$ cat input.cif   # mmCIF, N, CA and C atoms
data_entry
#
loop_
_atom_site.label_atom_id
_atom_site.label_comp_id
_atom_site.auth_asym_id
_atom_site.auth_seq_id
_atom_site.Cartn_x
_atom_site.Cartn_y
_atom_site.Cartn_z
N MET J 15 0.82 -1.18 0.00
CA MET J 15 0.00 0.00 0.00
C MET J 15 0.87 1.26 0.00
N ASP J 16 1.96 1.23 0.78
CA ASP J 16 2.86 2.39 0.82
C ASP J 16 3.47 2.66 -0.55
N GLU J 17 3.76 1.58 -1.29
CA GLU J 17 4.34 1.74 -2.62
C GLU J 17 3.36 2.45 -3.56
N LEU J 18 2.09 2.16 -3.46
CA LEU J 18 1.07 2.80 -4.28
C LEU J 18 1.02 4.30 -4.00
N TRP J 19 1.03 4.67 -2.73
CA TRP J 19 0.99 6.09 -2.36
C TRP J 19 2.27 6.81 -2.81
N THR J 20 3.38 6.14 -2.73
CA THR J 20 4.63 6.73 -3.20
C THR J 20 4.56 7.01 -4.69
N ARG J 21 4.06 6.05 -5.44
CA ARG J 21 3.92 6.24 -6.88
C ARG J 21 2.95 7.36 -7.21
N LEU J 22 1.83 7.40 -6.51
CA LEU J 22 0.86 8.46 -6.73
C LEU J 22 1.45 9.84 -6.40
N ALA J 23 2.22 9.90 -5.33
CA ALA J 23 2.87 11.16 -4.95
C ALA J 23 3.87 11.59 -6.02
N LEU J 24 4.63 10.65 -6.56
CA LEU J 24 5.59 10.97 -7.61
C LEU J 24 4.89 11.46 -8.88
N ILE J 25 3.79 10.82 -9.24
CA ILE J 25 3.03 11.24 -10.42
C ILE J 25 2.45 12.63 -10.20
N ALA J 26 1.87 12.86 -9.02
CA ALA J 26 1.32 14.18 -8.71
C ALA J 26 2.41 15.25 -8.76
N GLY J 27 3.57 14.94 -8.21
CA GLY J 27 4.69 15.89 -8.24
C GLY J 27 5.13 16.21 -9.66
N ALA J 28 5.20 15.18 -10.50
CA ALA J 28 5.59 15.38 -11.89
C ALA J 28 4.56 16.25 -12.62
N LEU J 29 3.29 16.03 -12.35
CA LEU J 29 2.24 16.85 -12.97
C LEU J 29 2.32 18.31 -12.53
N ILE J 30 2.61 18.52 -11.26
CA ILE J 30 2.75 19.89 -10.74
C ILE J 30 3.93 20.59 -11.40
N VAL J 31 5.04 19.90 -11.53
CA VAL J 31 6.22 20.48 -12.19
C VAL J 31 5.91 20.79 -13.65
N ALA J 32 5.26 19.88 -14.35
CA ALA J 32 4.91 20.11 -15.76
C ALA J 32 3.98 21.31 -15.89
N LEU J 33 3.01 21.43 -15.01
CA LEU J 33 2.10 22.57 -15.04
C LEU J 33 2.84 23.87 -14.78
N ALA J 34 3.73 23.87 -13.82
CA ALA J 34 4.50 25.08 -13.51
C ALA J 34 5.36 25.51 -14.69
N VAL J 35 6.02 24.57 -15.33
CA VAL J 35 6.86 24.88 -16.49
C VAL J 35 6.00 25.45 -17.62
N THR J 36 4.84 24.84 -17.87
CA THR J 36 3.94 25.32 -18.92
C THR J 36 3.49 26.75 -18.63
N LEU J 37 3.10 27.03 -17.40
CA LEU J 37 2.64 28.37 -17.05
C LEU J 37 3.76 29.40 -17.18
N ILE J 38 4.96 29.04 -16.78
CA ILE J 38 6.10 29.95 -16.89
C ILE J 38 6.39 30.25 -18.36
N LEU J 39 6.40 29.23 -19.20
CA LEU J 39 6.69 29.44 -20.61
C LEU J 39 5.60 30.27 -21.29
N ARG J 40 4.35 30.05 -20.93
CA ARG J 40 3.28 30.86 -21.51
C ARG J 40 3.38 32.30 -21.08
N ALA J 41 3.67 32.54 -19.79
CA ALA J 41 3.79 33.90 -19.30
C ALA J 41 4.97 34.60 -19.97
N ARG J 42 6.03 33.87 -20.18
CA ARG J 42 7.21 34.43 -20.83
C ARG J 42 6.90 34.82 -22.27
N GLY J 43 6.11 34.00 -22.96
CA GLY J 43 5.72 34.29 -24.33
C GLY J 43 4.76 35.46 -24.44
N LYS J 44 4.02 35.75 -23.37
CA LYS J 44 3.06 36.84 -23.38
C LYS J 44 3.66 38.14 -22.88
N ALA J 45 4.93 38.11 -22.54
CA ALA J 45 5.57 39.33 -22.08
C ALA J 45 5.50 40.38 -23.17
N GLY J 46 5.44 41.62 -22.74
CA GLY J 46 5.34 42.70 -23.69
C GLY J 46 6.58 42.84 -24.54
N PRO J 47 6.56 43.81 -25.43
CA PRO J 47 7.72 44.02 -26.30
C PRO J 47 8.96 44.39 -25.50
N ARG J 48 10.11 44.02 -26.03
CA ARG J 48 11.39 44.29 -25.36
C ARG J 48 12.16 45.31 -26.19
N ARG J 49 12.61 46.34 -25.54
CA ARG J 49 13.36 47.42 -26.20
C ARG J 49 14.83 47.02 -26.27
N LEU J 50 15.45 47.22 -27.45
CA LEU J 50 16.87 46.94 -27.65
C LEU J 50 17.55 48.26 -28.02
N GLU J 51 18.56 48.63 -27.27
CA GLU J 51 19.24 49.91 -27.52
C GLU J 51 19.98 49.91 -28.85
N SER J 52 20.63 48.81 -29.17
CA SER J 52 21.40 48.73 -30.41
C SER J 52 21.25 47.33 -31.00
N THR J 53 20.83 47.26 -32.25
CA THR J 53 20.61 45.96 -32.87
C THR J 53 21.72 45.56 -33.83
N GLY J 54 22.43 46.56 -34.37
CA GLY J 54 23.43 46.27 -35.39
C GLY J 54 22.80 46.01 -36.75
N LEU J 55 21.51 46.26 -36.88
CA LEU J 55 20.79 46.03 -38.13
C LEU J 55 20.33 47.37 -38.72
N VAL J 56 20.11 47.38 -40.03
CA VAL J 56 19.58 48.58 -40.67
C VAL J 56 18.10 48.68 -40.35
N ALA J 57 17.58 49.90 -40.46
CA ALA J 57 16.17 50.16 -40.16
C ALA J 57 15.27 49.27 -41.01
N GLY J 58 14.22 48.75 -40.38
CA GLY J 58 13.27 47.91 -41.10
C GLY J 58 12.55 46.96 -40.18
N VAL J 59 11.86 46.01 -40.78
CA VAL J 59 11.09 45.00 -40.07
C VAL J 59 11.75 43.65 -40.31
N TYR J 60 11.95 42.90 -39.23
CA TYR J 60 12.60 41.59 -39.30
C TYR J 60 11.70 40.54 -38.67
N LEU J 61 11.57 39.41 -39.34
CA LEU J 61 10.82 38.28 -38.81
C LEU J 61 11.81 37.17 -38.49
N PHE J 62 11.79 36.69 -37.25
CA PHE J 62 12.67 35.62 -36.82
C PHE J 62 11.89 34.31 -36.83
N THR J 63 12.44 33.30 -37.52
CA THR J 63 11.76 32.03 -37.72
C THR J 63 12.73 30.87 -37.53
N SER J 64 12.19 29.66 -37.61
CA SER J 64 13.01 28.46 -37.69
C SER J 64 12.27 27.47 -38.58
N SER J 65 12.98 26.50 -39.08
CA SER J 65 12.37 25.54 -40.00
C SER J 65 11.37 24.62 -39.31
N THR J 66 11.43 24.50 -38.00
CA THR J 66 10.52 23.61 -37.28
C THR J 66 9.37 24.35 -36.59
N CYS J 67 9.23 25.62 -36.87
CA CYS J 67 8.23 26.47 -36.19
C CYS J 67 6.87 26.39 -36.89
N PRO J 68 5.85 25.83 -36.24
CA PRO J 68 4.54 25.74 -36.89
C PRO J 68 3.82 27.09 -36.97
N ASP J 69 4.15 28.03 -36.10
CA ASP J 69 3.48 29.34 -36.09
C ASP J 69 4.17 30.37 -36.98
N CYS J 70 5.29 30.01 -37.58
CA CYS J 70 6.04 30.97 -38.39
C CYS J 70 5.38 31.23 -39.74
N ARG J 71 4.77 30.23 -40.34
CA ARG J 71 4.12 30.42 -41.63
C ARG J 71 2.98 31.45 -41.53
N PRO J 72 2.07 31.34 -40.53
CA PRO J 72 1.04 32.37 -40.40
C PRO J 72 1.62 33.76 -40.12
N ALA J 73 2.69 33.82 -39.35
CA ALA J 73 3.33 35.11 -39.08
C ALA J 73 3.88 35.72 -40.37
N ARG J 74 4.51 34.90 -41.18
CA ARG J 74 5.05 35.36 -42.47
C ARG J 74 3.92 35.88 -43.36
N LYS J 75 2.80 35.15 -43.40
CA LYS J 75 1.65 35.57 -44.22
C LYS J 75 1.10 36.91 -43.76
N LYS J 76 1.03 37.12 -42.45
CA LYS J 76 0.54 38.40 -41.92
C LYS J 76 1.45 39.54 -42.35
N LEU J 77 2.76 39.34 -42.24
CA LEU J 77 3.69 40.40 -42.64
C LEU J 77 3.61 40.65 -44.14
N MET J 78 3.53 39.58 -44.91
CA MET J 78 3.43 39.74 -46.37
C MET J 78 2.14 40.47 -46.75
N GLY J 79 1.05 40.20 -46.04
CA GLY J 79 -0.21 40.86 -46.31
C GLY J 79 -0.15 42.35 -46.06
N LYS J 80 0.64 42.76 -45.08
CA LYS J 80 0.74 44.18 -44.73
C LYS J 80 1.91 44.87 -45.44
N LEU J 81 3.04 44.16 -45.58
CA LEU J 81 4.27 44.80 -46.06
C LEU J 81 4.75 44.29 -47.42
N GLY J 82 4.10 43.26 -47.95
CA GLY J 82 4.61 42.66 -49.18
C GLY J 82 5.98 42.07 -48.92
N ASP J 83 6.95 42.46 -49.71
CA ASP J 83 8.33 41.99 -49.49
C ASP J 83 9.13 42.97 -48.63
N GLY J 84 8.45 43.85 -47.92
CA GLY J 84 9.13 44.89 -47.15
C GLY J 84 9.60 44.48 -45.78
N PHE J 85 10.02 43.23 -45.62
CA PHE J 85 10.59 42.78 -44.36
C PHE J 85 11.69 41.76 -44.66
N VAL J 86 12.53 41.52 -43.67
CA VAL J 86 13.63 40.56 -43.80
C VAL J 86 13.33 39.39 -42.89
N GLU J 87 13.41 38.18 -43.43
CA GLU J 87 13.23 36.99 -42.60
C GLU J 87 14.58 36.44 -42.20
N MET J 88 14.74 36.19 -40.91
CA MET J 88 15.97 35.61 -40.39
C MET J 88 15.63 34.25 -39.80
N ASN J 89 16.32 33.23 -40.28
CA ASN J 89 16.06 31.86 -39.90
C ASN J 89 17.12 31.40 -38.89
N TRP J 90 16.67 30.74 -37.83
CA TRP J 90 17.57 30.28 -36.77
C TRP J 90 18.69 29.40 -37.31
N GLU J 91 18.36 28.49 -38.19
CA GLU J 91 19.36 27.56 -38.70
C GLU J 91 20.43 28.27 -39.53
N GLN J 92 20.09 29.39 -40.14
CA GLN J 92 21.04 30.12 -40.98
C GLN J 92 21.75 31.26 -40.25
N GLU J 93 21.14 31.82 -39.22
CA GLU J 93 21.69 33.00 -38.54
C GLU J 93 21.66 32.88 -37.02
N PRO J 94 22.17 31.80 -36.43
CA PRO J 94 22.06 31.66 -34.97
C PRO J 94 22.78 32.77 -34.20
N GLY J 95 23.84 33.32 -34.77
CA GLY J 95 24.56 34.39 -34.09
C GLY J 95 23.72 35.64 -33.88
N VAL J 96 22.90 35.97 -34.86
CA VAL J 96 22.02 37.14 -34.75
C VAL J 96 20.98 36.89 -33.66
N PHE J 97 20.42 35.69 -33.62
CA PHE J 97 19.44 35.34 -32.59
C PHE J 97 20.07 35.50 -31.21
N HIS J 98 21.29 34.98 -31.05
CA HIS J 98 21.99 35.06 -29.76
C HIS J 98 22.29 36.51 -29.40
N GLN J 99 22.81 37.27 -30.36
CA GLN J 99 23.18 38.67 -30.11
C GLN J 99 21.99 39.50 -29.66
N LEU J 100 20.83 39.26 -30.26
CA LEU J 100 19.64 40.05 -29.94
C LEU J 100 18.80 39.44 -28.82
N GLY J 101 19.12 38.24 -28.38
CA GLY J 101 18.37 37.59 -27.32
C GLY J 101 17.03 37.06 -27.76
N VAL J 102 16.93 36.65 -29.02
CA VAL J 102 15.68 36.07 -29.53
C VAL J 102 15.65 34.61 -29.06
N SER J 103 14.72 34.31 -28.15
CA SER J 103 14.68 32.97 -27.57
C SER J 103 13.47 32.15 -28.01
N ALA J 104 12.58 32.76 -28.77
CA ALA J 104 11.38 32.04 -29.24
C ALA J 104 11.00 32.59 -30.61
N VAL J 105 10.45 31.72 -31.43
CA VAL J 105 9.97 32.13 -32.75
C VAL J 105 8.50 31.76 -32.88
N PRO J 106 7.73 32.49 -33.65
CA PRO J 106 8.14 33.65 -34.40
C PRO J 106 8.33 34.86 -33.49
N ALA J 107 9.14 35.78 -33.95
CA ALA J 107 9.34 37.05 -33.27
C ALA J 107 9.53 38.11 -34.36
N THR J 108 9.06 39.31 -34.08
CA THR J 108 9.16 40.40 -35.03
C THR J 108 9.96 41.53 -34.39
N LEU J 109 10.90 42.06 -35.12
CA LEU J 109 11.75 43.15 -34.64
C LEU J 109 11.55 44.36 -35.53
N LEU J 110 11.20 45.48 -34.91
CA LEU J 110 11.12 46.76 -35.62
C LEU J 110 12.38 47.54 -35.29
N VAL J 111 13.17 47.85 -36.31
CA VAL J 111 14.43 48.57 -36.10
C VAL J 111 14.25 50.00 -36.61
N ALA J 112 14.57 50.96 -35.75
CA ALA J 112 14.47 52.37 -36.08
C ALA J 112 15.73 52.83 -36.83
N ALA J 113 15.68 54.05 -37.34
CA ALA J 113 16.79 54.60 -38.11
C ALA J 113 18.08 54.68 -37.31
N ASP J 114 17.98 54.85 -35.98
CA ASP J 114 19.18 54.94 -35.14
C ASP J 114 19.74 53.58 -34.75
N GLY J 115 19.12 52.48 -35.23
CA GLY J 115 19.60 51.14 -34.94
C GLY J 115 18.97 50.51 -33.71
N SER J 116 18.21 51.29 -32.94
CA SER J 116 17.51 50.70 -31.79
C SER J 116 16.33 49.90 -32.31
N GLY J 117 15.80 49.03 -31.46
CA GLY J 117 14.70 48.20 -31.92
C GLY J 117 13.74 47.81 -30.83
N THR J 118 12.60 47.29 -31.26
CA THR J 118 11.60 46.75 -30.36
C THR J 118 11.28 45.34 -30.83
N LEU J 119 11.45 44.36 -29.94
CA LEU J 119 11.26 42.95 -30.26
C LEU J 119 9.94 42.47 -29.69
N PHE J 120 9.10 41.90 -30.57
CA PHE J 120 7.80 41.37 -30.21
C PHE J 120 7.83 39.85 -30.36
N SER J 121 7.46 39.12 -29.31
CA SER J 121 7.38 37.66 -29.39
C SER J 121 6.01 37.26 -29.90
N GLY J 122 5.95 36.13 -30.60
CA GLY J 122 4.68 35.62 -31.08
C GLY J 122 4.29 36.20 -32.42
N GLN J 123 3.01 36.14 -32.71
CA GLN J 123 2.49 36.65 -33.98
C GLN J 123 2.74 38.16 -34.08
N PRO J 124 2.90 38.68 -35.29
CA PRO J 124 3.33 40.07 -35.47
C PRO J 124 2.23 41.12 -35.34
N ASP J 125 1.07 40.77 -34.82
CA ASP J 125 -0.05 41.70 -34.76
C ASP J 125 0.30 43.00 -34.03
N LYS J 126 0.91 42.90 -32.85
CA LYS J 126 1.25 44.10 -32.08
C LYS J 126 2.33 44.92 -32.79
N ALA J 127 3.28 44.24 -33.41
CA ALA J 127 4.31 44.95 -34.17
C ALA J 127 3.69 45.69 -35.34
N LEU J 128 2.78 45.02 -36.04
CA LEU J 128 2.13 45.66 -37.18
C LEU J 128 1.29 46.85 -36.76
N SER J 129 0.68 46.78 -35.59
CA SER J 129 -0.13 47.90 -35.13
C SER J 129 0.74 49.13 -34.84
N ARG J 130 2.00 48.92 -34.51
CA ARG J 130 2.92 50.03 -34.30
C ARG J 130 3.30 50.72 -35.61
N LEU J 131 3.17 49.99 -36.71
CA LEU J 131 3.53 50.55 -38.01
C LEU J 131 2.44 51.45 -38.58
N GLY J 132 1.25 51.37 -38.00
CA GLY J 132 0.14 52.20 -38.50
C GLY J 132 -0.57 51.53 -39.65
N PRO J 133 -1.54 52.28 -40.25
CA PRO J 133 -2.35 51.69 -41.33
C PRO J 133 -1.60 51.41 -42.61
#
$ encode --input "input.cif" --output "structure tokens"
Amino acid sequence: MDELWTRLALIAGALIVALAVTLILRARGKAGPRRLESTGLVAGVYLFTSSTCPDCRPARKKLMGKLGDGFVEMNWEQEPGVFHQLGVSAVPATLLVAADGSGTLFSGQPDKALSRLGP
């Protein structure tokens, strides 16, 4: 009987840890935009993607619908150094770079970034 309770306690503990990790990752993804003082990039709109990202295709379509070819796509597999330098830890992400090289990084779908660009 003690072995059964031990197993149940271990399963409950594992479920609690999994739930906590899920909540932390979701909260992290919902964090607001992050300001970058210097990006090292020219002014424009950048979409950060990876080849295994299921949400990147819809993000790309949204940007293309609003900007046509007026954005640069950066892929993790091709440009990991840029991702590391800018602290991009999740894809899709959209970066708006100002003329002075500063930027604002938006995690997730580009809706909030696009709203900053105006109509």
$ atom_distance --input "input.cif" --atom1 "atom C of J:Thr118" --atom2 "atom C of J:Glu87"
14.8 Å
$ atom_distance --input "input.cif" --atom1 "atom N of J:Phe120" --atom2 "atom N of J:Leu33"
26.4 Å
$ residues_around --input "input.cif" --residues "stretch 91-96 of chain J" --least-positions-apart "3" --cutoff "7 Å" --atoms "all atoms listed in the file" --output "PyMOL selection string"
chain J and resi 63-65+88+99-102
$ atom_distance --input "input.cif" --atom1 "atom N of J:Gly122" --atom2 "atom CA of J:Ala32"
21.9 Å
$ residues_around --input "input.cif" --residues "J:Leu50" --least-positions-apart "5" --cutoff "7 Å" --atoms "only N, CA and C atoms" --output "PyMOL selection string"
chain J and resi 115-119
$ closest_residue --input "input.cif" --among "J:Phe85, J:Arg48, J:Glu17, J:Ala73" --to "J:Asp125" --atoms "only N, CA and C atoms"
J:Ala73
$ residues_around --input "input.cif" --residues "J:Pro72" --least-positions-apart "3" --cutoff "10 Å" --atoms "only C-alpha atoms" --output "list in words"
Pro68, Asp69, Lys75, Lys76, Leu77, Met78, Pro106, Gln123 and Pro124 of chain J
$ residues_near_point --input "input.cif" --point "(12.7, 37.7, -34.4)" --cutoff "6 Å" --atoms "only C-alpha atoms" --output "PDB file with N, CA and C atoms, in the frame of the given file"
ATOM      1  N   LEU J  61      11.570  39.410 -39.340  1.00  0.00           N
ATOM      2  CA  LEU J  61      10.820  38.280 -38.810  1.00  0.00           C
ATOM      3  C   LEU J  61      11.810  37.170 -38.490  1.00  0.00           C
ATOM      4  N   PHE J  62      11.790  36.690 -37.250  1.00  0.00           N
ATOM      5  CA  PHE J  62      12.670  35.620 -36.820  1.00  0.00           C
ATOM      6  C   PHE J  62      11.890  34.310 -36.830  1.00  0.00           C
ATOM      7  N   VAL J 102      16.930  36.650 -29.020  1.00  0.00           N
ATOM      8  CA  VAL J 102      15.680  36.070 -29.530  1.00  0.00           C
ATOM      9  C   VAL J 102      15.650  34.610 -29.060  1.00  0.00           C
ATOM     10  N   ALA J 107       9.140  35.780 -33.950  1.00  0.00           N
ATOM     11  CA  ALA J 107       9.340  37.050 -33.270  1.00  0.00           C
ATOM     12  C   ALA J 107       9.530  38.110 -34.360  1.00  0.00           C
ATOM     13  N   THR J 108       9.060  39.310 -34.080  1.00  0.00           N
ATOM     14  CA  THR J 108       9.160  40.400 -35.030  1.00  0.00           C
ATOM     15  C   THR J 108       9.960  41.530 -34.390  1.00  0.00           C
ATOM     16  N   LEU J 109      10.900  42.060 -35.120  1.00  0.00           N
ATOM     17  CA  LEU J 109      11.750  43.150 -34.640  1.00  0.00           C
ATOM     18  C   LEU J 109      11.550  44.360 -35.530  1.00  0.00           C
TER      19      LEU J 109
END
$ axis_aligned_box --input "input.cif" --around "stretch 64-77 of chain J" --padding-each-side "8 Å" --output "lines of an AutoDock Vina configuration file"
center_x = 6.8
center_y = 32.1
center_z = -40.2
size_x = 28.5
size_y = 33.0
size_z = 24.1
$ closest_residue --input "input.cif" --among "J:Arg130, J:Gly79, J:Phe97, J:Val59" --to "J:Leu110" --atoms "all atoms listed in the file"
J:Val59
$ select_by_dssp --input "input.cif" --residues "chain J" --states "helix (DSSP H, G or I)" --output "VMD selection string"
chain J and resid 16 to 43 70 to 81 94 to 100 125 to 131
$ select_by_dssp --input "input.cif" --residues "chain J" --states "strand (DSSP E)" --output "PDB file with N, CA and C atoms, keeping the file's coordinate frame"
ATOM      1  N   ARG J  48      10.110  44.020 -26.030  1.00  0.00           N
ATOM      2  CA  ARG J  48      11.390  44.290 -25.360  1.00  0.00           C
ATOM      3  C   ARG J  48      12.160  45.310 -26.190  1.00  0.00           C
ATOM      4  N   ARG J  49      12.610  46.340 -25.540  1.00  0.00           N
ATOM      5  CA  ARG J  49      13.360  47.420 -26.200  1.00  0.00           C
ATOM      6  C   ARG J  49      14.830  47.020 -26.270  1.00  0.00           C
ATOM      7  N   LEU J  50      15.450  47.220 -27.450  1.00  0.00           N
ATOM      8  CA  LEU J  50      16.870  46.940 -27.650  1.00  0.00           C
ATOM      9  C   LEU J  50      17.550  48.260 -28.020  1.00  0.00           C
ATOM     10  N   GLY J  58      14.220  48.750 -40.380  1.00  0.00           N
ATOM     11  CA  GLY J  58      13.270  47.910 -41.100  1.00  0.00           C
ATOM     12  C   GLY J  58      12.550  46.960 -40.180  1.00  0.00           C
ATOM     13  N   VAL J  59      11.860  46.010 -40.780  1.00  0.00           N
ATOM     14  CA  VAL J  59      11.090  45.000 -40.070  1.00  0.00           C
ATOM     15  C   VAL J  59      11.750  43.650 -40.310  1.00  0.00           C
ATOM     16  N   TYR J  60      11.950  42.900 -39.230  1.00  0.00           N
ATOM     17  CA  TYR J  60      12.600  41.590 -39.300  1.00  0.00           C
ATOM     18  C   TYR J  60      11.700  40.540 -38.670  1.00  0.00           C
ATOM     19  N   LEU J  61      11.570  39.410 -39.340  1.00  0.00           N
ATOM     20  CA  LEU J  61      10.820  38.280 -38.810  1.00  0.00           C
ATOM     21  C   LEU J  61      11.810  37.170 -38.490  1.00  0.00           C
ATOM     22  N   PHE J  62      11.790  36.690 -37.250  1.00  0.00           N
ATOM     23  CA  PHE J  62      12.670  35.620 -36.820  1.00  0.00           C
ATOM     24  C   PHE J  62      11.890  34.310 -36.830  1.00  0.00           C
ATOM     25  N   THR J  63      12.440  33.300 -37.520  1.00  0.00           N
ATOM     26  CA  THR J  63      11.760  32.030 -37.720  1.00  0.00           C
ATOM     27  C   THR J  63      12.730  30.870 -37.530  1.00  0.00           C
ATOM     28  N   VAL J  86      12.530  41.520 -43.670  1.00  0.00           N
ATOM     29  CA  VAL J  86      13.630  40.560 -43.800  1.00  0.00           C
ATOM     30  C   VAL J  86      13.330  39.390 -42.890  1.00  0.00           C
ATOM     31  N   GLU J  87      13.410  38.180 -43.430  1.00  0.00           N
ATOM     32  CA  GLU J  87      13.230  36.990 -42.600  1.00  0.00           C
ATOM     33  C   GLU J  87      14.580  36.440 -42.200  1.00  0.00           C
ATOM     34  N   MET J  88      14.740  36.190 -40.910  1.00  0.00           N
ATOM     35  CA  MET J  88      15.970  35.610 -40.390  1.00  0.00           C
ATOM     36  C   MET J  88      15.630  34.250 -39.800  1.00  0.00           C
ATOM     37  N   ASN J  89      16.320  33.230 -40.280  1.00  0.00           N
ATOM     38  CA  ASN J  89      16.060  31.860 -39.900  1.00  0.00           C
ATOM     39  C   ASN J  89      17.120  31.400 -38.890  1.00  0.00           C
ATOM     40  N   ALA J 107       9.140  35.780 -33.950  1.00  0.00           N
ATOM     41  CA  ALA J 107       9.340  37.050 -33.270  1.00  0.00           C
ATOM     42  C   ALA J 107       9.530  38.110 -34.360  1.00  0.00           C
ATOM     43  N   THR J 108       9.060  39.310 -34.080  1.00  0.00           N
ATOM     44  CA  THR J 108       9.160  40.400 -35.030  1.00  0.00           C
ATOM     45  C   THR J 108       9.960  41.530 -34.390  1.00  0.00           C
ATOM     46  N   LEU J 109      10.900  42.060 -35.120  1.00  0.00           N
ATOM     47  CA  LEU J 109      11.750  43.150 -34.640  1.00  0.00           C
ATOM     48  C   LEU J 109      11.550  44.360 -35.530  1.00  0.00           C
ATOM     49  N   LEU J 110      11.200  45.480 -34.910  1.00  0.00           N
ATOM     50  CA  LEU J 110      11.120  46.760 -35.620  1.00  0.00           C
ATOM     51  C   LEU J 110      12.380  47.540 -35.290  1.00  0.00           C
ATOM     52  N   VAL J 111      13.170  47.850 -36.310  1.00  0.00           N
ATOM     53  CA  VAL J 111      14.430  48.570 -36.100  1.00  0.00           C
ATOM     54  C   VAL J 111      14.250  50.000 -36.610  1.00  0.00           C
ATOM     55  N   GLY J 117      15.800  49.030 -31.460  1.00  0.00           N
ATOM     56  CA  GLY J 117      14.700  48.200 -31.920  1.00  0.00           C
ATOM     57  C   GLY J 117      13.740  47.810 -30.830  1.00  0.00           C
ATOM     58  N   THR J 118      12.600  47.290 -31.260  1.00  0.00           N
ATOM     59  CA  THR J 118      11.600  46.750 -30.360  1.00  0.00           C
ATOM     60  C   THR J 118      11.280  45.340 -30.830  1.00  0.00           C
ATOM     61  N   LEU J 119      11.450  44.360 -29.940  1.00  0.00           N
ATOM     62  CA  LEU J 119      11.260  42.950 -30.260  1.00  0.00           C
ATOM     63  C   LEU J 119       9.940  42.470 -29.690  1.00  0.00           C
ATOM     64  N   PHE J 120       9.100  41.900 -30.570  1.00  0.00           N
ATOM     65  CA  PHE J 120       7.800  41.370 -30.210  1.00  0.00           C
ATOM     66  C   PHE J 120       7.830  39.850 -30.360  1.00  0.00           C
ATOM     67  N   SER J 121       7.460  39.120 -29.310  1.00  0.00           N
ATOM     68  CA  SER J 121       7.380  37.660 -29.390  1.00  0.00           C
ATOM     69  C   SER J 121       6.010  37.260 -29.900  1.00  0.00           C
TER      70      SER J 121
END
